[in-house]
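To start, the structure under review is shown below, and the notes come after it.
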Amino acid sequence: MGIHRSARTLGPGTSAALSSGEGVVLRLLEAGDPDLLTAYLEGLSEETRRRWGPHPFDRETAVAICASLDPADVLRMVAVTGEGAAARIIGYVLLKLGGLDSDRERFAKLGLPLDPDTVASLAPSVADGYQDQGVGSLLMGHVLETARRLGLRKIVLWGGVQATNERAKHFYRKWGFRKVGEFFTDKDNDDMILEL
Ligand SMILES: CC(C)(COP(=O)(O)OP(=O)(O)OC[C@H]1O[C@@H](n2cnc3c(N)ncnc32)[C@H](O)[C@@H]1OP(=O)(O)O)[C@@H](O)C(=O)NCCC(=O)NCCS
């Protein structure tokens, strides 16, 4: 399958600048990143953890992720500021190629079956101190460019978006996602989709 073969051959990363002028490198998460990822996950506020939770936030998880990276399964993109000992992850986006089973099941019930060969589930996050400063948008541009290069046709939200998460809903709409359904877990959630 074309998507999965070419996912292994992604480039080294892209440099960009925040509106503050601070430099950022956008790249795939690497095997040498467990400390950076641990610091990122442990530093997330309760509020952000309530909104975004594709996996736990502890060192054990960060170490396990970095030891078994498989961009043909889940692409993990990070935004990094600083260099050497000062390097810090300030944004982390997951793109599950093929989509999560649970996401595809919800979309099938909506009458919108998703082809696992050309769909992916997206879970973006930005460090609390950097939210609302364009980091998510920088990562999104990079992720969508990669998704198109991989031949993806549709992107859905990993577990949907909480109905009360106004900033995230605005962010997704800005990037062309449209709402196609609602579902309830312990909260009200929306399903949104982007056609590439
Ligand atoms: C959602 C998230 C990934 C977006 O990344 P970000 O770097 O903050 O986003 P950006 O700065 O690129 O864009 C934010 C947009 O939301 C807008 N916004 C901010 N607060 C808002 C609010 N309360 N209501 C509506 N829009 C809002 C901003 O004006 C901006 O839009 P603009 O570019 O049209 O001006 C990030 O805020 C985050 O990690 N939030 C917590 C975790 C989360 O909710 N993840 C998504 C789970 S589905």
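Residue names in the structure tokens use chain letters A, B, ... in the order shown, residue numbers from 1 in each chain, and ligand numbers from 1 in the order shown.
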
Give one line per residue of chain A that approaches ligand 1 to at most 8 Å, naming the two atoms of the closest pair and their distance in Å to one decimal, counting only C-alpha atoms and all ligand atoms; sort by chain then ascending residue number and deliver it as CSV.
residue,atom,partner,partner_atom_place_in_ligand_line,distance
A:Glu47,CA,ligand 1,41 (C),7.5
A:Thr48,CA,ligand 1,41 (C),4.5
A:Arg49,CA,ligand 1,42 (C),7.0
A:Arg50,CA,ligand 1,42 (C),7.9
A:Arg51,CA,ligand 1,44 (O),4.6
A:Trp52,CA,ligand 1,47 (C),4.6
A:Gly53,CA,ligand 1,47 (C),7.9
A:Gly91,CA,ligand 1,39 (O),7.5
A:Ala123,CA,ligand 1,47 (C),6.1
A:Pro124,CA,ligand 1,3 (C),4.7
A:Ser125,CA,ligand 1,39 (O),3.4
A:Val126,CA,ligand 1,39 (O),3.7
A:Ala127,CA,ligand 1,39 (O),6.4
A:Asp128,CA,ligand 1,39 (O),7.1
A:Tyr130,CA,ligand 1,7 (O),6.6
A:Gln131,CA,ligand 1,8 (O),3.6
A:Asp132,CA,ligand 1,11 (O),3.3
A:Gln133,CA,ligand 1,11 (O),4.1
A:Gly134,CA,ligand 1,12 (O),3.4
A:Val135,CA,ligand 1,7 (O),4.0
A:Gly136,CA,ligand 1,7 (O),3.3
A:Ser137,CA,ligand 1,12 (O),3.7
A:Leu138,CA,ligand 1,12 (O),6.7
A:Leu157,CA,ligand 1,48 (S),6.6
A:Trp158,CA,ligand 1,48 (S),7.2
A:Gly159,CA,ligand 1,48 (S),7.6
A:Gly160,CA,ligand 1,48 (S),6.1
A:Val161,CA,ligand 1,48 (S),4.1
A:Gln162,CA,ligand 1,48 (S),6.6
A:Asn165,CA,ligand 1,44 (O),6.3
A:Glu166,CA,ligand 1,24 (N),4.4
A:Arg167,CA,ligand 1,21 (C),3.8
A:Ala168,CA,ligand 1,1 (C),4.0
A:Lys169,CA,ligand 1,25 (C),7.2
A:His170,CA,ligand 1,26 (N),4.9
A:Phe171,CA,ligand 1,15 (C),4.8
A:Lys174,CA,ligand 1,34 (O),6.3

Picked from chain A by DSSP as helix (DSSP H, G or I), as a ChimeraX atom specification: /A:2-9,34-43,46-51,59-67,84-86,101-109,128-130,135-149,166-174

Nearest-residue call for His55 of chain A, choices A:Ile193, A:Ala79, A:Leu69, A:Leu41, using only C-alpha atoms: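 Selected residue with least distance to His55 of chain A: A:Leu41.
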
Nearest residue to Val143 of chain A from the set A:Arg106, A:Asp190, A:Pro56, A:Lys96 (distances using only C-alpha atoms):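 Ranked by minimum distance to Val143 of chain A, first place goes to A:Lys96.
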
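The list of residues with at least one atom within 8 Å of Val24 of chain A, based on only C-alpha atoms and without residues fewer than 4 positions apart in the same chain, reads A:Ser15, A:Ala16, A:Ala17, A:Leu18, A:Ala79, A:Val80, A:Thr81, A:Gly82.
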
Who sits within 12 Å of Glu60 of chain A, only C-alpha atoms, same chain under 5 positions skipped, as an MDAnalysis selection string: chainID A and resid 34:35 37:39 41:42 55 65:67

Restricted to N, CA and C atoms, what would the selected residues look like written as an mmCIF file, in the first residue's frame?
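Output (result_24.cif):
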data_model
loop_
_atom_site.group_PDB
_atom_site.id
_atom_site.type_symbol
_atom_site.label_atom_id
_atom_site.label_comp_id
_atom_site.auth_asym_id
_atom_site.auth_seq_id
_atom_site.Cartn_x
_atom_site.Cartn_y
_atom_site.Cartn_z
ATOM 1 N N PRO A 34 13.163 10.583 24.298
ATOM 2 C CA PRO A 34 12.320 10.258 25.455
ATOM 3 C C PRO A 34 12.332 11.331 26.544
ATOM 4 N N ASP A 35 13.483 11.975 26.785
ATOM 5 C CA ASP A 35 13.506 13.003 27.836
ATOM 6 C C ASP A 35 12.673 14.224 27.432
ATOM 7 N N LEU A 37 10.195 14.263 25.316
ATOM 8 C CA LEU A 37 8.762 13.924 25.298
ATOM 9 C C LEU A 37 8.212 13.816 26.719
ATOM 10 N N THR A 38 9.016 13.244 27.629
ATOM 11 C CA THR A 38 8.577 13.151 29.033
ATOM 12 C C THR A 38 8.307 14.549 29.595
ATOM 13 N N ALA A 39 9.259 15.465 29.362
ATOM 14 C CA ALA A 39 9.102 16.830 29.893
ATOM 15 C C ALA A 39 7.838 17.469 29.315
ATOM 16 N N LEU A 41 5.055 15.940 28.097
ATOM 17 C CA LEU A 41 3.816 15.310 28.592
ATOM 18 C C LEU A 41 3.579 15.668 30.057
ATOM 19 N N GLU A 42 4.647 15.587 30.877
ATOM 20 C CA GLU A 42 4.479 15.864 32.312
ATOM 21 C C GLU A 42 4.130 17.326 32.558
ATOM 22 N N HIS A 55 -2.815 9.032 24.841
ATOM 23 C CA HIS A 55 -2.053 8.060 25.629
ATOM 24 C C HIS A 55 -1.682 8.723 26.944
ATOM 25 N N ILE A 65 7.171 4.823 23.687
ATOM 26 C CA ILE A 65 6.858 5.387 22.363
ATOM 27 C C ILE A 65 8.144 5.576 21.558
ATOM 28 N N CYS A 66 9.156 6.191 22.184
ATOM 29 C CA CYS A 66 10.401 6.486 21.448
ATOM 30 C C CYS A 66 11.170 5.212 21.098
ATOM 31 N N ALA A 67 10.939 4.139 21.860
ATOM 32 C CA ALA A 67 11.649 2.882 21.586
ATOM 33 C C ALA A 67 10.958 2.071 20.493
#

Contacts of Met192 of chain A at 10 Å (only C-alpha atoms; same-chain gap of 2+ positions) as a PyMOL selection string: chain A and resi 107+155-158+160-161+169+172-173+176-182+189-190+194

For the residues in the current selection, export N, CA, C and O atoms as a PDB file, in the first residue's frame.
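Writing done, so here's again-v2.pdb:
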ATOM      1  N   PHE A 107     -17.984   6.721  12.198  1.00  0.00           N
ATOM      2  CA  PHE A 107     -18.269   7.302  10.880  1.00  0.00           C
ATOM      3  C   PHE A 107     -19.118   6.352  10.047  1.00  0.00           C
ATOM      4  O   PHE A 107     -19.986   6.793   9.283  1.00  0.00           O
ATOM      5  N   ILE A 155      -9.080  13.121   6.722  1.00  0.00           N
ATOM      6  CA  ILE A 155      -8.564  13.118   8.096  1.00  0.00           C
ATOM      7  C   ILE A 155      -9.741  13.360   9.038  1.00  0.00           C
ATOM      8  O   ILE A 155     -10.555  14.270   8.814  1.00  0.00           O
ATOM      9  N   VAL A 156      -9.836  12.521  10.068  1.00  0.00           N
ATOM     10  CA  VAL A 156     -10.883  12.687  11.085  1.00  0.00           C
ATOM     11  C   VAL A 156     -10.193  12.940  12.427  1.00  0.00           C
ATOM     12  O   VAL A 156      -8.966  12.835  12.537  1.00  0.00           O
ATOM     13  N   LEU A 157     -10.985  13.308  13.436  1.00  0.00           N
ATOM     14  CA  LEU A 157     -10.402  13.638  14.742  1.00  0.00           C
ATOM     15  C   LEU A 157     -10.348  12.400  15.619  1.00  0.00           C
ATOM     16  O   LEU A 157     -11.335  11.667  15.727  1.00  0.00           O
ATOM     17  N   TRP A 158      -9.229  12.181  16.221  1.00  0.00           N
ATOM     18  CA  TRP A 158      -8.949  11.034  17.103  1.00  0.00           C
ATOM     19  C   TRP A 158      -9.899  11.136  18.309  1.00  0.00           C
ATOM     20  O   TRP A 158      -9.693  12.005  19.164  1.00  0.00           O
ATOM     21  N   GLY A 160     -12.833  12.340  18.244  1.00  0.00           N
ATOM     22  CA  GLY A 160     -13.670  13.536  18.116  1.00  0.00           C
ATOM     23  C   GLY A 160     -13.088  14.716  18.877  1.00  0.00           C
ATOM     24  O   GLY A 160     -11.940  14.688  19.325  1.00  0.00           O
ATOM     25  N   VAL A 161     -13.906  15.774  18.987  1.00  0.00           N
ATOM     26  CA  VAL A 161     -13.502  16.964  19.754  1.00  0.00           C
ATOM     27  C   VAL A 161     -14.627  17.267  20.739  1.00  0.00           C
ATOM     28  O   VAL A 161     -15.802  17.178  20.384  1.00  0.00           O
ATOM     29  N   LYS A 169     -12.309  23.641  18.054  1.00  0.00           N
ATOM     30  CA  LYS A 169     -13.292  23.589  16.957  1.00  0.00           C
ATOM     31  C   LYS A 169     -13.010  24.700  15.942  1.00  0.00           C
ATOM     32  O   LYS A 169     -13.078  24.487  14.727  1.00  0.00           O
ATOM     33  N   TYR A 172      -9.944  23.655  13.928  1.00  0.00           N
ATOM     34  CA  TYR A 172     -10.234  22.646  12.892  1.00  0.00           C
ATOM     35  C   TYR A 172     -11.001  23.270  11.724  1.00  0.00           C
ATOM     36  O   TYR A 172     -10.715  22.982  10.559  1.00  0.00           O
ATOM     37  N   ARG A 173     -11.991  24.119  12.051  1.00  0.00           N
ATOM     38  CA  ARG A 173     -12.765  24.754  10.956  1.00  0.00           C
ATOM     39  C   ARG A 173     -11.842  25.596  10.088  1.00  0.00           C
ATOM     40  O   ARG A 173     -11.945  25.602   8.865  1.00  0.00           O
ATOM     41  N   GLY A 176     -10.304  23.680   7.494  1.00  0.00           N
ATOM     42  CA  GLY A 176     -11.183  23.075   6.489  1.00  0.00           C
ATOM     43  C   GLY A 176     -11.988  21.883   6.966  1.00  0.00           C
ATOM     44  O   GLY A 176     -12.708  21.265   6.175  1.00  0.00           O
ATOM     45  N   PHE A 177     -11.889  21.547   8.250  1.00  0.00           N
ATOM     46  CA  PHE A 177     -12.711  20.442   8.766  1.00  0.00           C
ATOM     47  C   PHE A 177     -14.159  20.898   8.855  1.00  0.00           C
ATOM     48  O   PHE A 177     -14.441  22.060   9.119  1.00  0.00           O
ATOM     49  N   ARG A 178     -15.089  19.952   8.660  1.00  0.00           N
ATOM     50  CA  ARG A 178     -16.500  20.262   8.860  1.00  0.00           C
ATOM     51  C   ARG A 178     -17.101  19.241   9.804  1.00  0.00           C
ATOM     52  O   ARG A 178     -16.684  18.075   9.833  1.00  0.00           O
ATOM     53  N   LYS A 179     -18.080  19.719  10.567  1.00  0.00           N
ATOM     54  CA  LYS A 179     -18.748  18.841  11.539  1.00  0.00           C
ATOM     55  C   LYS A 179     -19.698  17.915  10.804  1.00  0.00           C
ATOM     56  O   LYS A 179     -20.491  18.375   9.970  1.00  0.00           O
ATOM     57  N   VAL A 180     -19.632  16.612  11.129  1.00  0.00           N
ATOM     58  CA  VAL A 180     -20.538  15.665  10.464  1.00  0.00           C
ATOM     59  C   VAL A 180     -21.364  14.862  11.460  1.00  0.00           C
ATOM     60  O   VAL A 180     -22.235  14.102  11.057  1.00  0.00           O
ATOM     61  N   GLY A 181     -21.091  15.009  12.763  1.00  0.00           N
ATOM     62  CA  GLY A 181     -21.878  14.224  13.714  1.00  0.00           C
ATOM     63  C   GLY A 181     -21.571  14.616  15.144  1.00  0.00           C
ATOM     64  O   GLY A 181     -20.669  15.421  15.411  1.00  0.00           O
ATOM     65  N   GLU A 182     -22.365  14.039  16.047  1.00  0.00           N
ATOM     66  CA  GLU A 182     -22.190  14.267  17.480  1.00  0.00           C
ATOM     67  C   GLU A 182     -22.254  12.913  18.170  1.00  0.00           C
ATOM     68  O   GLU A 182     -22.951  12.015  17.689  1.00  0.00           O
ATOM     69  N   ASN A 189     -19.497  15.318  22.338  1.00  0.00           N
ATOM     70  CA  ASN A 189     -18.372  15.452  21.408  1.00  0.00           C
ATOM     71  C   ASN A 189     -18.900  15.647  19.991  1.00  0.00           C
ATOM     72  O   ASN A 189     -20.006  15.213  19.669  1.00  0.00           O
ATOM     73  N   ASP A 190     -18.063  16.265  19.169  1.00  0.00           N
ATOM     74  CA  ASP A 190     -18.385  16.403  17.742  1.00  0.00           C
ATOM     75  C   ASP A 190     -17.414  15.559  16.919  1.00  0.00           C
ATOM     76  O   ASP A 190     -16.233  15.435  17.267  1.00  0.00           O
ATOM     77  N   LEU A 194     -11.941  16.271   7.424  1.00  0.00           N
ATOM     78  CA  LEU A 194     -11.307  17.099   6.390  1.00  0.00           C
ATOM     79  C   LEU A 194     -11.090  16.228   5.158  1.00  0.00           C
ATOM     80  O   LEU A 194     -10.510  15.142   5.254  1.00  0.00           O
TER      81      LEU A 194
END

Proximity to Ala86 of chain A - best of A:Val63, A:Leu44, A:Leu36, A:Leu122, only C-alpha atoms: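 Smallest separation from Ala86 of chain A among the options: A:Leu36.
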
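In terms of minimum interatomic distance to Leu75 of chain A, A:Leu144 ranks closest within A:Leu144, A:Ala87, A:Ala108, A:Leu114, counting only C-alpha atoms.
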
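For Asp73 of chain A, the non-local neighbours within 6 Å, defined as residues at least 2 positions apart in the same chain or in other chains and counting only C-alpha atoms, are Asp70, Pro71 and Leu97 of chain A.
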
Residues of segment 29-166 of chain A in strand (DSSP E), written as a PyMOL selection string: chain A and resi 74-81+88-97+119-126+154-157+161-162

Nearest to Val93 of chain A by atom-to-atom distance, counting only C-alpha atoms, from A:Gly141, A:Gly129, A:Pro113, A:Gly23: A:Gly141
